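Chemist: Compact mmCIF, C-alpha atoms, file input_15.txt:
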# COMPACT_ATOMS: atom_id res chain seq x y z
CA MET A 274 27.63 3.79 -18.01
CA ALA A 275 24.05 4.34 -19.18
CA VAL A 276 23.51 4.92 -22.89
CA SER A 277 20.54 7.00 -24.02
CA HIS A 278 17.97 5.67 -26.46
CA GLU A 279 18.78 8.56 -28.78
CA THR A 280 22.47 7.59 -28.87
CA ILE A 281 21.62 3.93 -29.50
CA ARG A 282 19.17 4.85 -32.26
CA SER A 283 21.73 7.12 -33.95
CA GLU A 284 24.43 4.43 -33.82
CA PHE A 285 21.99 1.85 -35.15
CA GLU A 286 21.08 4.13 -38.06
CA ARG A 287 24.78 4.64 -38.87
CA TYR A 288 25.31 0.87 -38.76
CA LEU A 289 22.39 0.24 -41.16
CA ARG A 290 23.45 2.95 -43.62
CA TYR A 291 27.22 2.62 -43.73
CA GLU A 292 28.08 -0.88 -42.56
CA ARG A 293 25.17 -2.90 -43.87
CA GLN A 294 24.60 -0.40 -46.70
CA LEU A 295 20.85 -0.97 -46.77
CA SER A 296 18.51 0.95 -49.05
CA GLU A 297 16.81 4.10 -47.78
CA ASN A 298 13.46 2.30 -47.57
CA SER A 299 14.96 -0.56 -45.53
CA VAL A 300 16.67 1.86 -43.14
CA GLU A 301 13.42 3.79 -42.61
CA ALA A 302 11.48 0.56 -42.01
CA TYR A 303 14.03 -0.62 -39.42
CA LEU A 304 14.05 2.74 -37.66
CA GLU A 305 10.25 2.91 -37.59
CA ASP A 306 9.92 -0.55 -36.01
CA VAL A 307 12.75 -0.02 -33.53
CA GLY A 308 11.40 3.45 -32.71
CA ASP A 309 8.03 1.86 -31.95
CA PHE A 310 9.78 -0.56 -29.58
CA LEU A 311 11.78 2.18 -27.84
CA SER A 312 8.62 4.28 -27.35
CA PHE A 313 6.96 1.27 -25.73
CA LEU A 314 9.91 0.83 -23.34
CA GLU A 315 9.79 4.51 -22.36
CA GLU A 316 6.04 4.35 -21.77
CA GLU A 317 6.39 1.20 -19.65
CA LYS A 318 9.54 2.56 -17.90
CA MET A 319 11.65 -0.43 -18.99
CA GLU A 320 15.43 -0.31 -19.42
CA LEU A 321 16.55 -1.43 -22.89
CA LEU A 322 19.98 -2.75 -21.95
CA SER A 323 18.68 -5.01 -19.17
CA LEU A 324 15.63 -6.50 -20.90
CA GLY A 325 14.69 -10.16 -20.59
CA TYR A 326 12.38 -12.46 -22.52
CA ASP A 327 9.27 -11.46 -20.55
CA GLU A 328 9.73 -7.77 -21.28
CA VAL A 329 10.10 -8.42 -25.00
CA MET A 330 6.95 -10.55 -24.88
CA GLU A 331 5.15 -7.62 -23.25
CA PHE A 332 5.88 -5.65 -26.41
CA VAL A 333 4.74 -8.50 -28.69
CA ILE A 334 1.48 -8.77 -26.75
CA SER A 335 0.96 -5.01 -27.00
CA LEU A 336 1.19 -5.31 -30.81
CA TYR A 337 -1.66 -7.82 -30.87
CA GLU A 338 -3.62 -5.58 -28.49
CA ARG A 339 -3.25 -2.75 -31.01
CA GLY A 340 -4.85 -4.98 -33.63
CA LEU A 341 -1.78 -5.65 -35.77
CA VAL A 342 -2.07 -8.67 -38.06
CA ALA A 343 0.38 -11.57 -37.78
CA ARG A 344 2.43 -10.41 -40.77
CA SER A 345 3.00 -6.96 -39.24
CA VAL A 346 3.98 -8.48 -35.89
CA ALA A 347 6.40 -10.81 -37.67
CA ARG A 348 8.00 -7.85 -39.46
CA LYS A 349 8.54 -5.95 -36.21
CA ILE A 350 10.07 -8.99 -34.52
CA SER A 351 12.37 -9.46 -37.50
CA ALA A 352 13.52 -5.84 -37.13
CA LEU A 353 14.12 -6.37 -33.41
CA ARG A 354 16.24 -9.44 -34.13
CA GLY A 355 18.53 -7.28 -36.24
CA PHE A 356 18.51 -4.56 -33.57
CA PHE A 357 19.47 -6.91 -30.73
CA LEU A 358 22.25 -8.46 -32.83
CA PHE A 359 23.56 -4.92 -33.27
CA LEU A 360 23.42 -4.35 -29.48
CA LEU A 361 25.37 -7.57 -28.95
CA ARG A 362 27.94 -6.51 -31.55
CA MET A 363 28.40 -3.19 -29.72
CA GLU A 364 28.71 -5.12 -26.43
CA TRP A 365 25.89 -3.08 -24.91
CA ILE A 366 24.12 -6.31 -23.94
CA LYS A 367 25.53 -9.74 -23.07
CA GLU A 368 22.54 -11.91 -23.96
CA ASN A 369 19.90 -11.69 -26.66
CA PRO A 370 16.39 -11.83 -25.10
CA LEU A 371 14.95 -12.82 -28.49
CA ASP A 372 16.81 -16.14 -28.46
CA LEU A 373 13.94 -17.66 -26.47
CA LEU A 374 11.15 -16.22 -28.62
CA GLU A 375 9.48 -19.01 -30.59
CA ALA A 376 8.08 -17.00 -33.46
CA PRO A 377 5.65 -19.59 -34.97
CA ARG A 378 3.95 -20.04 -31.64
CA TYR A 379 3.01 -16.38 -31.37
CA LEU A 380 2.75 -15.30 -34.97
CA LYS A 381 -0.05 -17.57 -36.13
CA LYS A 382 -3.22 -15.77 -37.12
CA LEU A 383 -5.48 -15.49 -34.09
CA PRO A 384 -8.89 -17.17 -34.45
CA SER A 385 -12.00 -15.05 -34.85
CA TYR A 386 -13.90 -16.04 -31.74
CA LEU A 387 -14.81 -18.89 -29.39
CA THR A 388 -18.21 -20.42 -28.87
CA VAL A 389 -20.04 -19.90 -25.58
CA GLU A 390 -19.51 -23.62 -24.85
CA GLU A 391 -15.75 -23.31 -25.34
CA ILE A 392 -15.59 -20.31 -23.02
CA GLU A 393 -17.67 -22.13 -20.40
CA ALA A 394 -15.24 -25.04 -20.56
CA MET A 395 -12.30 -22.67 -20.04
CA ILE A 396 -13.87 -21.11 -16.96
CA VAL A 397 -14.47 -24.34 -15.02
CA PRO A 398 -11.79 -24.83 -12.29
CA VAL A 399 -10.45 -28.30 -11.46
CA GLU A 400 -10.33 -27.58 -7.73
CA GLU A 401 -11.17 -24.97 -5.13
CA SER A 402 -7.88 -23.08 -4.68
CA PHE A 403 -6.44 -19.57 -4.98
CA GLN A 404 -4.91 -20.12 -8.41
CA GLU A 405 -7.83 -22.03 -9.92
CA VAL A 406 -10.47 -19.56 -8.72
CA ARG A 407 -8.29 -16.58 -9.72
CA ASP A 408 -7.78 -17.97 -13.23
CA SER A 409 -11.50 -18.67 -13.65
CA CYS A 410 -12.23 -15.11 -12.55
CA ILE A 411 -9.69 -13.81 -15.09
CA ILE A 412 -11.28 -15.75 -17.97
CA GLU A 413 -14.74 -14.51 -16.95
CA PHE A 414 -13.61 -10.86 -16.76
CA LEU A 415 -11.78 -10.97 -20.09
CA TYR A 416 -14.88 -12.38 -21.77
CA SER A 417 -17.84 -10.80 -20.00
CA CYS A 418 -16.27 -7.32 -19.76
CA GLY A 419 -14.40 -7.42 -23.10
CA LEU A 420 -11.13 -6.27 -21.54
CA ARG A 421 -7.75 -5.96 -23.18
CA VAL A 422 -5.12 -7.95 -21.26
CA SER A 423 -3.31 -4.73 -20.28
CA GLU A 424 -6.59 -3.32 -18.91
CA LEU A 425 -7.14 -6.44 -16.83
CA CYS A 426 -3.61 -6.30 -15.41
CA ARG A 427 -4.10 -2.64 -14.41
CA LEU A 428 -7.43 -3.20 -12.66
CA SER A 429 -7.45 -2.03 -9.04
CA LEU A 430 -9.97 -2.62 -6.28
CA HIS A 431 -10.99 1.03 -6.56
CA ASP A 432 -12.00 0.43 -10.17
CA ILE A 433 -14.75 -1.98 -9.13
CA LEU A 434 -17.93 -0.07 -8.38
CA ARG A 435 -19.82 -2.92 -6.75
CA ASP A 436 -23.00 -1.06 -5.87
CA GLU A 437 -23.38 0.19 -9.44
CA ARG A 438 -22.14 -3.13 -10.89
CA LEU A 439 -19.67 -1.19 -13.05
CA LEU A 440 -15.99 -1.50 -13.87
CA ARG A 441 -13.87 1.61 -14.40
CA VAL A 442 -11.40 0.71 -17.16
CA LEU A 443 -8.31 2.68 -18.15
CA GLY A 444 -7.83 1.97 -21.86
CA LYS A 445 -5.54 3.15 -24.65
CA GLY A 446 -4.31 6.70 -24.38
CA ASN A 447 -5.37 6.71 -20.70
CA LYS A 448 -9.00 7.03 -21.78
CA GLU A 449 -11.41 5.93 -19.11
CA ARG A 450 -14.65 4.04 -19.76
CA LEU A 451 -17.28 2.30 -17.65
CA VAL A 452 -18.18 -1.31 -18.40
CA PRO A 453 -21.06 -3.22 -16.76
CA ILE A 454 -20.07 -6.20 -14.60
CA GLY A 455 -22.42 -9.12 -15.21
CA ALA A 456 -23.84 -11.34 -12.47
CA ARG A 457 -21.46 -14.17 -13.39
CA ALA A 458 -18.41 -11.95 -13.19
CA MET A 459 -19.56 -10.61 -9.80
CA GLU A 460 -19.98 -14.18 -8.53
CA TRP A 461 -16.45 -15.13 -9.58
CA LEU A 462 -15.06 -11.94 -8.08
CA SER A 463 -16.80 -12.63 -4.76
CA ARG A 464 -15.36 -16.14 -4.84
CA TYR A 465 -11.83 -14.93 -5.62
CA LEU A 466 -11.47 -11.98 -3.24
CA PRO A 467 -11.40 -14.08 0.00
CA TYR A 468 -8.48 -16.09 -1.46
CA ARG A 469 -6.76 -12.83 -2.36
CA ALA A 470 -7.29 -11.48 1.16
CA ALA A 471 -5.87 -14.68 2.70
CA LEU A 472 -2.82 -14.44 0.43
CA LEU A 473 -2.14 -10.88 1.60
CA ALA A 474 -2.75 -11.58 5.31
CA GLY A 475 0.15 -10.11 7.27
CA LYS A 476 1.76 -8.73 4.10
CA LYS A 477 1.89 -5.33 2.44
CA SER A 478 -1.50 -4.42 0.98
CA ARG A 479 -1.93 -4.23 -2.79
CA ASP A 480 -4.55 -2.41 -4.79
CA GLU A 481 -4.27 -4.50 -7.97
CA VAL A 482 -7.09 -7.04 -8.31
CA PHE A 483 -5.23 -9.97 -9.85
CA LEU A 484 -2.08 -11.09 -8.05
CA SER A 485 0.48 -13.86 -8.35
CA ARG A 486 1.26 -16.26 -5.51
CA LEU A 487 4.11 -13.90 -4.62
CA CYS A 488 1.58 -11.09 -4.09
CA ARG A 489 2.74 -9.24 -7.20
CA PRO A 490 0.50 -7.87 -9.96
CA LEU A 491 0.11 -10.33 -12.84
CA SER A 492 1.95 -9.43 -16.02
CA ARG A 493 0.44 -9.63 -19.50
CA VAL A 494 2.71 -12.60 -20.22
CA SER A 495 1.30 -14.44 -17.19
CA VAL A 496 -2.28 -13.82 -18.33
CA TRP A 497 -1.43 -15.12 -21.83
CA SER A 498 -0.07 -18.30 -20.20
CA ILE A 499 -3.22 -18.70 -18.09
CA VAL A 500 -5.50 -18.34 -21.12
CA LYS A 501 -3.46 -20.80 -23.19
CA GLU A 502 -3.38 -23.37 -20.37
CA ARG A 503 -7.13 -23.10 -19.77
CA ALA A 504 -7.76 -23.51 -23.51
CA ARG A 505 -5.52 -26.60 -23.60
CA ARG A 506 -7.30 -28.09 -20.60
CA ALA A 507 -10.68 -27.44 -22.22
CA GLY A 508 -9.55 -29.37 -25.30
CA ILE A 509 -9.67 -26.30 -27.56
CA ASP A 510 -7.41 -27.06 -30.49
CA LYS A 511 -6.91 -23.46 -31.61
CA GLU A 512 -4.22 -20.84 -31.22
CA ILE A 513 -5.86 -18.35 -28.86
CA SER A 514 -4.88 -15.39 -26.71
CA PRO A 515 -6.60 -13.08 -24.19
CA HIS A 516 -7.66 -10.94 -27.17
CA THR A 517 -9.67 -13.91 -28.48
CA LEU A 518 -11.95 -13.61 -25.43
CA ARG A 519 -12.42 -9.87 -26.03
CA HIS A 520 -13.15 -10.62 -29.69
CA SER A 521 -15.66 -13.30 -28.63
CA PHE A 522 -17.37 -10.83 -26.26
CA ALA A 523 -17.95 -8.34 -29.09
CA THR A 524 -18.92 -10.98 -31.67
CA HIS A 525 -21.52 -12.56 -29.39
CA LEU A 526 -23.05 -9.16 -28.58
CA VAL A 527 -23.42 -8.29 -32.28
CA MET A 528 -24.84 -11.74 -33.05
CA GLU A 529 -27.51 -11.15 -30.40
CA GLY A 530 -28.46 -7.82 -31.96
CA ALA A 531 -26.48 -5.31 -29.87
CA ASP A 532 -26.19 -1.79 -31.29
CA LEU A 533 -22.78 -1.20 -32.88
CA ARG A 534 -22.36 2.17 -31.13
CA GLY A 535 -22.93 0.49 -27.78
CA VAL A 536 -20.36 -2.21 -28.58
CA GLN A 537 -17.93 0.53 -29.60
CA GLU A 538 -18.32 2.18 -26.18
CA LEU A 539 -17.91 -1.12 -24.33
CA LEU A 540 -14.71 -1.95 -26.23
CA GLY A 541 -13.27 1.54 -25.95
CA HIS A 542 -12.75 1.92 -29.71
CA ALA A 543 -11.99 5.49 -30.74
CA ASP A 544 -13.33 4.89 -34.26
CA ILE A 545 -16.45 2.89 -35.03
CA SER A 546 -14.80 1.54 -38.19
CA THR A 547 -12.70 -0.64 -35.87
CA THR A 548 -15.90 -2.05 -34.36
CA GLN A 549 -17.55 -2.71 -37.72
CA VAL A 550 -15.43 -5.82 -38.27
CA TYR A 551 -17.82 -7.63 -35.91
CA THR A 552 -20.71 -7.09 -38.31
CA HIS A 553 -18.76 -9.04 -40.93
CA VAL A 554 -18.09 -11.85 -38.45
CA SER A 555 -21.77 -11.91 -37.54
CA SER A 556 -22.85 -11.98 -41.20
CA SER A 557 -20.52 -14.88 -41.95
CA TYR A 558 -21.87 -16.80 -38.98
CA LEU A 559 -25.49 -16.22 -39.97
CA ARG A 560 -24.76 -17.27 -43.54
CA ARG A 561 -23.21 -20.54 -42.35
CA GLU A 562 -26.15 -21.18 -40.02
CA HIS A 563 -28.60 -20.53 -42.85
CA GLU A 564 -26.80 -22.91 -45.19
CA ALA A 565 -26.56 -25.60 -42.53
CA TYR A 566 -30.13 -25.58 -41.24
CA HIS A 567 -32.54 -23.96 -43.70
CA PRO A 568 -34.75 -26.75 -45.16
CA LEU A 569 -34.59 -25.45 -48.74
CA GLU A 570 -30.80 -25.27 -48.52
CA GLN A 571 -30.78 -28.87 -47.31
CA GLN A 572 -32.91 -29.91 -50.31
CA GLU A 573 -30.48 -28.20 -52.69
CA LYS A 574 -27.56 -30.04 -51.12
CA LYS A 575 -29.32 -33.39 -51.56
CA LYS A 576 -29.87 -32.69 -55.29
CA LYS A 577 -26.15 -32.22 -55.88
CA PRO A 578 -24.26 -35.41 -56.88
Output the file's structure as structure tokens, nothing else.
Modeler:
Amino acid sequence: MAVSHETIRSEFERYLRYERQLSENSVEAYLEDVGDFLSFLEEEKMELLSLGYDEVMEFVISLYERGLVARSVARKISALRGFFLFLLRMEWIKENPLDLLEAPRYLKKLPSYLTVEEIEAMIVPVEESFQEVRDSCIIEFLYSCGLRVSELCRLSLHDILRDERLLRVLGKGNKERLVPIGARAMEWLSRYLPYRAALLAGKKSRDEVFLSRLCRPLSRVSVWSIVKERARRAGIDKEISPHTLRHSFATHLVMEGADLRGVQELLGHADISTTQVYTHVSSSYLRREHEAYHPLEQQEKKKKP
């Protein structure tokens, strides 16, 4: 028999207060984190009592997309571990989907940005095939359009305004924005679409742009795996994610002198204070470049013992 989220939450609260006898602050922290998780499941129309590893990872990825730092993500996962142990204890689930979650792999601090050379290396395919061309197109779109991974996964063919060279993006809170599609991204799209059409030949049509070999829309977890594999192949020894490419997009624009308000619009930030972090990244980069290459700085370095 189905159990409502409200019933589960109430039972979990009773368990925390009366069986574990946690402090009021601890109970509130648990309920806040678990409530966040349950809201995500309702929004994504996922069933709590039949979740698997991939669905839990969808939530973890969404936390990074919201800009949470590693410590905050770690805290939420810790709360979920306690929550799923409770569900097991109540025999509402038979397996714990968090058993497969390797926390250190996903909770490391994400790097600031990649260089243009590193991104170029990630884009290069090893052969001419559906998967290789699709993955190159994905890397290009994440970087050159500054998309969140969830936005990329939701892209449909109707969102691509080819004549105007624009992309209609549905962002957080179902807010729509238009993002220019660069020449490179258009080239990769034109290269990928024939493979996509061949894959769907004789099958049910799909509107989503990026599909798996089984003709299903790619999940956020799949895109994370693609980005990590391309980074590994490119010899990039950093912990990166799809968000790293979005971060690189914004950082490179600011470094080249782009107006912060324009970058805010391209990223779909509701508040410009969120965008202002890229000015700090740019300043740090310029300071390092100045110290490394300015002739007077070089003379000062030579004077030091």
Chemist: Could you list, as a ChimeraX atom specification, every residue within 9 Å of segment 409-412 of chain A, counting only C-alpha atoms and ignoring same-chain residues fewer than 6 positions away?
Modeler: /A:392,395-398,425,458,460-462,464-465,483,496,499-500,503,515,518
Chemist: Calculated over all atoms listed in the file, which of the candidates A:Gly325, A:Pro490, A:Gly535, A:Gly530 has the smallest distance to Leu374 of chain A?
Modeler: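 Result for the nearest residue to Leu374 of chain A: A:Gly325.
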Chemist: To one decimal place, how far is atom CA of Ser495 of chain A from atom CA of Phe359 of chain A in Å?
Modeler: 29.1 Å
Chemist: Need the neighbours of (11.5, -11.0, -34.8): which residues are at most 10 Å away, counting all atoms listed in the file, as a list in words?
Modeler: Val333, Val346, Ala347, Arg348, Lys349, Ile350, Ser351, Ala352, Leu353, Arg354, Gly355, Phe356, Phe357, Leu371, Asp372, Leu374, Glu375, Ala376 and Leu380 of chain A
Chemist: Distance atom CA of Arg505 of chain A-atom CA of Tyr386 of chain A, one decimal place?
Modeler: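 Rounded to one decimal, the two atoms are 15.7 Å apart.
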Chemist: What is the atom CA of Leu420 of chain A-atom CA of Gly541 of chain A distance in Å, reported with one decimal?
Modeler: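 Answer for the atom CA of Leu420 of chain A to atom CA of Gly541 of chain A separation: 9.2 Å.
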Chemist: Given the choices A:Arg506, A:Arg469, A:Arg441, A:Arg435, which gets closest to Val399 of chain A if the distance is worked out from only C-alpha atoms?
Modeler: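 Among the listed residues, the smallest separation from Val399 of chain A belongs to A:Arg506.
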Chemist: Counting all atoms listed in the file, what is within 12 Å of Ser478 of chain A, bar same-chain residues fewer than 3 positions away, as a ChimeraX atom specification?
Modeler: /A:429-430,469-475,481-482,484,488-490
Chemist: Would you place a box with edges along x, y and z of the file around all atoms of segment 501-510 of chain A listed there, add 6 Å to each of its six sides, and report the centre and edge lengths in Å to one decimal, as AutoDock Vina command-line options?
Modeler:
--center_x -7.0 --center_y -25.1 --center_z -25.1 --size_x 19.3 --size_y 20.6 --size_z 22.7
Chemist: So which one's closest to Leu321 of chain A, A:Phe522, A:Tyr303, A:Val276, A:Tyr291? Using all atoms listed in the file, please.
Modeler: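 Nearest to Leu321 of chain A: A:Val276.
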Chemist: Measuring between only C-alpha atoms, which one of A:Val329, A:Leu434, A:Leu387, A:Leu360 shows the shortest distance to Ala523 of chain A?
Modeler: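 Distance minimum relative to Ala523 of chain A lands on A:Leu387.
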Chemist: Of the residues A:Asn369, A:Thr280, A:Ser335, A:Gln294, which is the one nearest to Ser323 of chain A, using all atoms listed in the file?
Modeler: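 Using all atoms listed in the file, the shortest distance to Ser323 of chain A belongs to A:Asn369.
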Chemist: Show which residues sit within 10 Å of Ala394 of chain A, as a PyMOL selection string. Count only C-alpha atoms, and ignore same-chain residues fewer than 5 positions away.
Modeler: chain A and resi 388-389+503-504+506-509
Chemist: Keeping C-alpha atoms for every residue in the selection just given, could you write it to a file as a PDB file, in the frame of the given file?
Modeler:
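Heads up, here's the output in out.pdb:
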ATOM      1  CA  THR A 388     -18.210 -20.420 -28.870  1.00  0.00           C
ATOM      2  CA  VAL A 389     -20.040 -19.900 -25.580  1.00  0.00           C
ATOM      3  CA  ARG A 503      -7.130 -23.100 -19.770  1.00  0.00           C
ATOM      4  CA  ALA A 504      -7.760 -23.510 -23.510  1.00  0.00           C
ATOM      5  CA  ARG A 506      -7.300 -28.090 -20.600  1.00  0.00           C
ATOM      6  CA  ALA A 507     -10.680 -27.440 -22.220  1.00  0.00           C
ATOM      7  CA  GLY A 508      -9.550 -29.370 -25.300  1.00  0.00           C
ATOM      8  CA  ILE A 509      -9.670 -26.300 -27.560  1.00  0.00           C
TER       9      ILE A 509
END
Chemist: What's around Ser423 of chain A at 12 Å? Count only C-alpha atoms, leave out sequence neighbours fewer than 3 positions away in its own chain, and write the answer as a PyMOL selection string.
Modeler: chain A and resi 317+331-332+334-339+415+419-420+426-428+442-445+447+483+490-497+515-516+519
